[in-house]
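Visitor: The structure file target11.pdb (PDB, C-alpha atoms) is provided below.
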ATOM      1  CA  MET I 160     176.871 150.292  88.016  1.00  0.00           C
ATOM      2  CA  ASN I 161     173.818 148.479  86.704  1.00  0.00           C
ATOM      3  CA  LYS I 162     170.684 150.071  88.146  1.00  0.00           C
ATOM      4  CA  ASP I 163     168.520 146.952  88.002  1.00  0.00           C
ATOM      5  CA  VAL I 164     169.851 144.187  90.169  1.00  0.00           C
ATOM      6  CA  LEU I 165     168.271 141.014  91.515  1.00  0.00           C
ATOM      7  CA  PHE I 166     168.135 140.209  95.199  1.00  0.00           C
ATOM      8  CA  ALA I 167     167.926 136.971  97.147  1.00  0.00           C
ATOM      9  CA  ILE I 168     168.364 136.065 100.798  1.00  0.00           C
ATOM     10  CA  ASP I 169     170.671 133.412 102.196  1.00  0.00           C
ATOM     11  CA  VAL I 170     168.980 132.898 105.561  1.00  0.00           C
ATOM     12  CA  ILE I 171     171.647 130.517 106.829  1.00  0.00           C
ATOM     13  CA  ALA I 172     174.525 132.923 106.228  1.00  0.00           C
ATOM     14  CA  GLN I 173     172.296 135.968 106.864  1.00  0.00           C
ATOM     15  CA  GLU I 174     173.374 137.624 103.634  1.00  0.00           C
ATOM     16  CA  VAL I 175     171.767 139.412 100.715  1.00  0.00           C
ATOM     17  CA  ILE I 176     172.863 137.897  97.414  1.00  0.00           C
ATOM     18  CA  VAL I 177     173.067 140.533  94.692  1.00  0.00           C
ATOM     19  CA  SER I 178     173.136 139.626  91.003  1.00  0.00           C
ATOM     20  CA  ASN I 179     171.987 140.846  87.611  1.00  0.00           C
ATOM     21  CA  SER I 180     170.716 139.356  84.394  1.00  0.00           C
ATOM     22  CA  PRO I 181     170.974 140.912  80.941  1.00  0.00           C
ATOM     23  CA  LYS I 182     167.573 141.537  79.336  1.00  0.00           C
ATOM     24  CA  GLY I 183     166.447 138.585  77.266  1.00  0.00           C
ATOM     25  CA  SER I 184     168.987 136.263  78.873  1.00  0.00           C
ATOM     26  CA  ASN I 185     168.622 133.307  81.213  1.00  0.00           C
ATOM     27  CA  LYS I 186     172.111 133.944  82.571  1.00  0.00           C
ATOM     28  CA  VAL I 187     172.439 135.338  86.091  1.00  0.00           C
ATOM     29  CA  ASN I 188     175.670 137.129  87.000  1.00  0.00           C
ATOM     30  CA  PHE I 189     176.726 137.141  90.638  1.00  0.00           C
ATOM     31  CA  ILE I 190     177.747 140.585  91.921  1.00  0.00           C
ATOM     32  CA  GLU I 191     178.269 140.286  95.666  1.00  0.00           C
ATOM     33  CA  ARG I 192     177.030 139.128  99.049  1.00  0.00           C
ATOM     34  CA  ILE I 193     176.178 141.667 101.738  1.00  0.00           C
ATOM     35  CA  SER I 194     176.089 140.531 105.337  1.00  0.00           C
ATOM     36  CA  TYR I 195     173.226 141.439 107.646  1.00  0.00           C
ATOM     37  CA  ASN I 196     175.828 143.086 109.881  1.00  0.00           C
ATOM     38  CA  ASP I 197     177.053 145.272 106.992  1.00  0.00           C
ATOM     39  CA  ASN I 198     173.600 146.552 105.994  1.00  0.00           C
ATOM     40  CA  GLU I 199     170.740 145.543 108.280  1.00  0.00           C
ATOM     41  CA  ILE I 200     168.223 147.791 106.500  1.00  0.00           C
ATOM     42  CA  LEU I 201     168.912 146.307 103.054  1.00  0.00           C
ATOM     43  CA  TYR I 202     168.759 142.786 104.472  1.00  0.00           C
ATOM     44  CA  ASN I 203     165.368 143.418 106.090  1.00  0.00           C
ATOM     45  CA  ALA I 204     164.041 145.096 102.934  1.00  0.00           C
ATOM     46  CA  VAL I 205     165.001 142.076 100.821  1.00  0.00           C
ATOM     47  CA  VAL I 206     163.380 139.770 103.388  1.00  0.00           C
ATOM     48  CA  THR I 207     160.199 141.828 102.959  1.00  0.00           C
ATOM     49  CA  LEU I 208     160.518 141.696  99.154  1.00  0.00           C
ATOM     50  CA  THR I 209     160.867 137.916  99.356  1.00  0.00           C
ATOM     51  CA  SER I 210     157.839 137.592 101.642  1.00  0.00           C
ATOM     52  CA  ILE I 211     155.740 139.594  99.165  1.00  0.00           C
ATOM     53  CA  THR I 212     156.482 136.995  96.470  1.00  0.00           C
ATOM     54  CA  LYS I 213     155.249 134.226  98.764  1.00  0.00           C
ATOM     55  CA  SER I 214     151.955 135.953  99.582  1.00  0.00           C
ATOM     56  CA  SER I 215     148.770 134.182  98.520  1.00  0.00           C
ATOM     57  CA  ASN I 216     147.371 137.538  97.368  1.00  0.00           C
ATOM     58  CA  PHE I 217     150.475 138.615  95.433  1.00  0.00           C
ATOM     59  CA  ASP I 218     150.232 142.190  94.138  1.00  0.00           C
ATOM     60  CA  VAL I 219     152.634 143.156  91.350  1.00  0.00           C
ATOM     61  CA  SER I 220     152.438 146.882  92.143  1.00  0.00           C
ATOM     62  CA  VAL I 221     153.420 146.267  95.772  1.00  0.00           C
ATOM     63  CA  PHE I 222     156.265 144.009  94.630  1.00  0.00           C
ATOM     64  CA  LYS I 223     157.566 146.640  92.187  1.00  0.00           C
ATOM     65  CA  ALA I 224     157.398 149.354  94.852  1.00  0.00           C
ATOM     66  CA  MET I 225     159.360 147.225  97.342  1.00  0.00           C
ATOM     67  CA  ASP I 226     161.871 146.305  94.641  1.00  0.00           C
ATOM     68  CA  LYS I 227     162.456 150.032  94.019  1.00  0.00           C
ATOM     69  CA  VAL I 228     163.127 150.462  97.742  1.00  0.00           C
ATOM     70  CA  CYS I 229     165.661 147.614  97.626  1.00  0.00           C
ATOM     71  CA  GLN I 230     167.322 149.089  94.521  1.00  0.00           C
ATOM     72  CA  LEU I 231     167.631 152.487  96.244  1.00  0.00           C
ATOM     73  CA  LEU I 232     169.043 150.953  99.432  1.00  0.00           C
ATOM     74  CA  TYR I 233     171.596 149.027  97.372  1.00  0.00           C
ATOM     75  CA  ILE I 234     172.665 152.194  95.523  1.00  0.00           C
ATOM     76  CA  LYS I 235     173.043 153.997  98.873  1.00  0.00           C
ATOM     77  CA  HIS I 236     175.028 151.027 100.220  1.00  0.00           C
ATOM     78  CA  ASN I 237     177.538 151.426  97.388  1.00  0.00           C
ATOM     79  CA  GLU I 238     177.987 155.181  97.821  1.00  0.00           C
TER
END
Represent the structure of the file as structure tokens.

Guide:
Amino acid sequence: MNKDVLFAIDVIAQEVIVSNSPKGSNKVNFIERISYNDNEILYNAVVTLTSITKSSNFDVSVFKAMDKVCQLLYIKHNE
């Protein structure tokens, strides 16, 4: 499994959208959707990650730390 995945939220369907993108590529590969009901903690973590990107005082180190949390939660989800 690829360790570095991308996360997005579909607020209407209440799902985490998981994808990846090869380094140096503009192509995004869909992996799966995870329902809020299937992993509430991952969903809420990705919501937090998304809110960090929208902050007026965006901090890259905080974003990277939250992304690591999301990556770990996704790995645990797949175990």

Visitor: How would you write, as a PyMOL selection string, the residues chosen by the PyMOL selection byres ((chain I and resi 207) around 12) on this structure?

Guide: chain I and resi 166-168+200-206+208-214+221-222+224-226+228-229

Visitor: In Å, rounded to a single decimal, give me how far CA of Asn216 (chain I) is from CA of Ile234 (chain I).

Guide: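 Going from CA of Ile234 (chain I) over to CA of Asn216 (chain I) covers 29.3 Å.
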
Visitor: Between CA of Ile176 (chain I) and CA of Asn237 (chain I), what is the distance, to one decimal in Å?

Guide: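 These atoms are spaced 14.3 Å apart.
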
Visitor: On this structure, the PyMOL selection byres ((chain I and resi 174) around 6) would catch which residues? List them as a list in words, sorted by chain and number.

Guide: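 Selected by the PyMOL selection byres ((chain I and resi 174) around 6) here: Ile168, Asp169, Ala172, Gln173, Val175, Ile193, Ser194 and Tyr195 of chain I.
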
Visitor: Give as JSON, numbers by chain the residues that the PyMOL selection byres ((chain I and resi 178) around 9) matches when applied to the coordinates above.

Guide: {"I": [164, 165, 166, 167, 176, 177, 179, 180, 187, 188, 189, 190, 191, 192]}

Visitor: Separation of CA of Pro181 (chain I) and CA of Leu231 (chain I), in Å?

Guide: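 Computing the Euclidean distance for CA of Pro181 (chain I) and CA of Leu231 (chain I) yields 19.5 Å.
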
Visitor: Taking the structure in the block just given, could you write region 180-209 of chain I with N, CA and C atoms, as a PDB file, in the first residue's frame?

Guide:
ATOM      1  N   SER I 180      -1.189  10.336  -5.866  1.00  0.00           N
ATOM      2  CA  SER I 180      -0.661  10.965  -7.066  1.00  0.00           C
ATOM      3  C   SER I 180       0.830  10.675  -7.134  1.00  0.00           C
ATOM      4  N   PRO I 181       1.276  10.047  -8.227  1.00  0.00           N
ATOM      5  CA  PRO I 181       2.706   9.780  -8.358  1.00  0.00           C
ATOM      6  C   PRO I 181       3.512  11.090  -8.314  1.00  0.00           C
ATOM      7  N   LYS I 182       4.677  11.042  -7.697  1.00  0.00           N
ATOM      8  CA  LYS I 182       5.527  12.238  -7.626  1.00  0.00           C
ATOM      9  C   LYS I 182       5.819  12.754  -9.023  1.00  0.00           C
ATOM     10  N   GLY I 183       5.702  14.076  -9.166  1.00  0.00           N
ATOM     11  CA  GLY I 183       5.987  14.708 -10.445  1.00  0.00           C
ATOM     12  C   GLY I 183       4.872  14.598 -11.460  1.00  0.00           C
ATOM     13  N   SER I 184       3.718  14.084 -11.036  1.00  0.00           N
ATOM     14  CA  SER I 184       2.596  13.894 -11.950  1.00  0.00           C
ATOM     15  C   SER I 184       1.423  14.770 -11.541  1.00  0.00           C
ATOM     16  N   ASN I 185       0.632  15.162 -12.518  1.00  0.00           N
ATOM     17  CA  ASN I 185      -0.610  15.888 -12.249  1.00  0.00           C
ATOM     18  C   ASN I 185      -1.795  14.941 -12.148  1.00  0.00           C
ATOM     19  N   LYS I 186      -1.547  13.651 -12.358  1.00  0.00           N
ATOM     20  CA  LYS I 186      -2.613  12.663 -12.345  1.00  0.00           C
ATOM     21  C   LYS I 186      -2.950  12.265 -10.903  1.00  0.00           C
ATOM     22  N   VAL I 187      -4.228  12.197 -10.611  1.00  0.00           N
ATOM     23  CA  VAL I 187      -4.705  11.759  -9.304  1.00  0.00           C
ATOM     24  C   VAL I 187      -5.450  10.449  -9.492  1.00  0.00           C
ATOM     25  N   ASN I 188      -5.060   9.437  -8.731  1.00  0.00           N
ATOM     26  CA  ASN I 188      -5.664   8.109  -8.826  1.00  0.00           C
ATOM     27  C   ASN I 188      -6.606   7.880  -7.642  1.00  0.00           C
ATOM     28  N   PHE I 189      -7.851   7.641  -7.943  1.00  0.00           N
ATOM     29  CA  PHE I 189      -8.841   7.348  -6.907  1.00  0.00           C
ATOM     30  C   PHE I 189      -8.528   6.003  -6.270  1.00  0.00           C
ATOM     31  N   ILE I 190      -8.607   5.930  -4.934  1.00  0.00           N
ATOM     32  CA  ILE I 190      -8.401   4.670  -4.227  1.00  0.00           C
ATOM     33  C   ILE I 190      -9.720   4.160  -3.658  1.00  0.00           C
ATOM     34  N   GLU I 191     -10.366   4.974  -2.825  1.00  0.00           N
ATOM     35  CA  GLU I 191     -11.624   4.530  -2.231  1.00  0.00           C
ATOM     36  C   GLU I 191     -12.333   5.683  -1.532  1.00  0.00           C
ATOM     37  N   ARG I 192     -13.577   5.417  -1.168  1.00  0.00           N
ATOM     38  CA  ARG I 192     -14.365   6.320  -0.334  1.00  0.00           C
ATOM     39  C   ARG I 192     -14.634   5.598   0.976  1.00  0.00           C
ATOM     40  N   ILE I 193     -14.533   6.332   2.077  1.00  0.00           N
ATOM     41  CA  ILE I 193     -14.783   5.757   3.396  1.00  0.00           C
ATOM     42  C   ILE I 193     -15.878   6.576   4.060  1.00  0.00           C
ATOM     43  N   SER I 194     -16.956   5.922   4.380  1.00  0.00           N
ATOM     44  CA  SER I 194     -18.103   6.578   4.990  1.00  0.00           C
ATOM     45  C   SER I 194     -17.798   7.016   6.416  1.00  0.00           C
ATOM     46  N   TYR I 195     -18.420   8.100   6.821  1.00  0.00           N
ATOM     47  CA  TYR I 195     -18.337   8.573   8.202  1.00  0.00           C
ATOM     48  C   TYR I 195     -18.688   7.441   9.162  1.00  0.00           C
ATOM     49  N   ASN I 196     -19.709   6.670   8.819  1.00  0.00           N
ATOM     50  CA  ASN I 196     -20.156   5.577   9.684  1.00  0.00           C
ATOM     51  C   ASN I 196     -19.135   4.440   9.777  1.00  0.00           C
ATOM     52  N   ASP I 197     -18.271   4.306   8.786  1.00  0.00           N
ATOM     53  CA  ASP I 197     -17.250   3.258   8.784  1.00  0.00           C
ATOM     54  C   ASP I 197     -15.996   3.657   9.549  1.00  0.00           C
ATOM     55  N   ASN I 198     -15.711   4.968   9.623  1.00  0.00           N
ATOM     56  CA  ASN I 198     -14.533   5.427  10.357  1.00  0.00           C
ATOM     57  C   ASN I 198     -14.710   6.900  10.734  1.00  0.00           C
ATOM     58  N   GLU I 199     -15.435   7.113  11.811  1.00  0.00           N
ATOM     59  CA  GLU I 199     -15.753   8.458  12.293  1.00  0.00           C
ATOM     60  C   GLU I 199     -14.485   9.255  12.635  1.00  0.00           C
ATOM     61  N   ILE I 200     -13.498   8.587  13.220  1.00  0.00           N
ATOM     62  CA  ILE I 200     -12.277   9.287  13.630  1.00  0.00           C
ATOM     63  C   ILE I 200     -11.510   9.786  12.411  1.00  0.00           C
ATOM     64  N   LEU I 201     -11.354   8.952  11.391  1.00  0.00           N
ATOM     65  CA  LEU I 201     -10.666   9.388  10.172  1.00  0.00           C
ATOM     66  C   LEU I 201     -11.422  10.538   9.521  1.00  0.00           C
ATOM     67  N   TYR I 202     -12.729  10.423   9.439  1.00  0.00           N
ATOM     68  CA  TYR I 202     -13.540  11.477   8.827  1.00  0.00           C
ATOM     69  C   TYR I 202     -13.303  12.808   9.536  1.00  0.00           C
ATOM     70  N   ASN I 203     -13.375  12.806  10.862  1.00  0.00           N
ATOM     71  CA  ASN I 203     -13.191  14.040  11.625  1.00  0.00           C
ATOM     72  C   ASN I 203     -11.768  14.577  11.506  1.00  0.00           C
ATOM     73  N   ALA I 204     -10.788  13.692  11.415  1.00  0.00           N
ATOM     74  CA  ALA I 204      -9.400  14.130  11.233  1.00  0.00           C
ATOM     75  C   ALA I 204      -9.218  14.822   9.887  1.00  0.00           C
ATOM     76  N   VAL I 205      -9.832  14.278   8.838  1.00  0.00           N
ATOM     77  CA  VAL I 205      -9.716  14.884   7.514  1.00  0.00           C
ATOM     78  C   VAL I 205     -10.479  16.212   7.463  1.00  0.00           C
ATOM     79  N   VAL I 206     -11.582  16.305   8.175  1.00  0.00           N
ATOM     80  CA  VAL I 206     -12.290  17.589   8.285  1.00  0.00           C
ATOM     81  C   VAL I 206     -11.361  18.624   8.925  1.00  0.00           C
ATOM     82  N   THR I 207     -10.651  18.228   9.971  1.00  0.00           N
ATOM     83  CA  THR I 207      -9.703  19.128  10.626  1.00  0.00           C
ATOM     84  C   THR I 207      -8.573  19.506   9.673  1.00  0.00           C
ATOM     85  N   LEU I 208      -8.032  18.522   8.951  1.00  0.00           N
ATOM     86  CA  LEU I 208      -6.972  18.793   7.975  1.00  0.00           C
ATOM     87  C   LEU I 208      -7.454  19.819   6.946  1.00  0.00           C
ATOM     88  N   THR I 209      -8.667  19.640   6.463  1.00  0.00           N
ATOM     89  CA  THR I 209      -9.235  20.557   5.481  1.00  0.00           C
ATOM     90  C   THR I 209      -9.396  21.958   6.063  1.00  0.00           C
TER      91      THR I 209
END
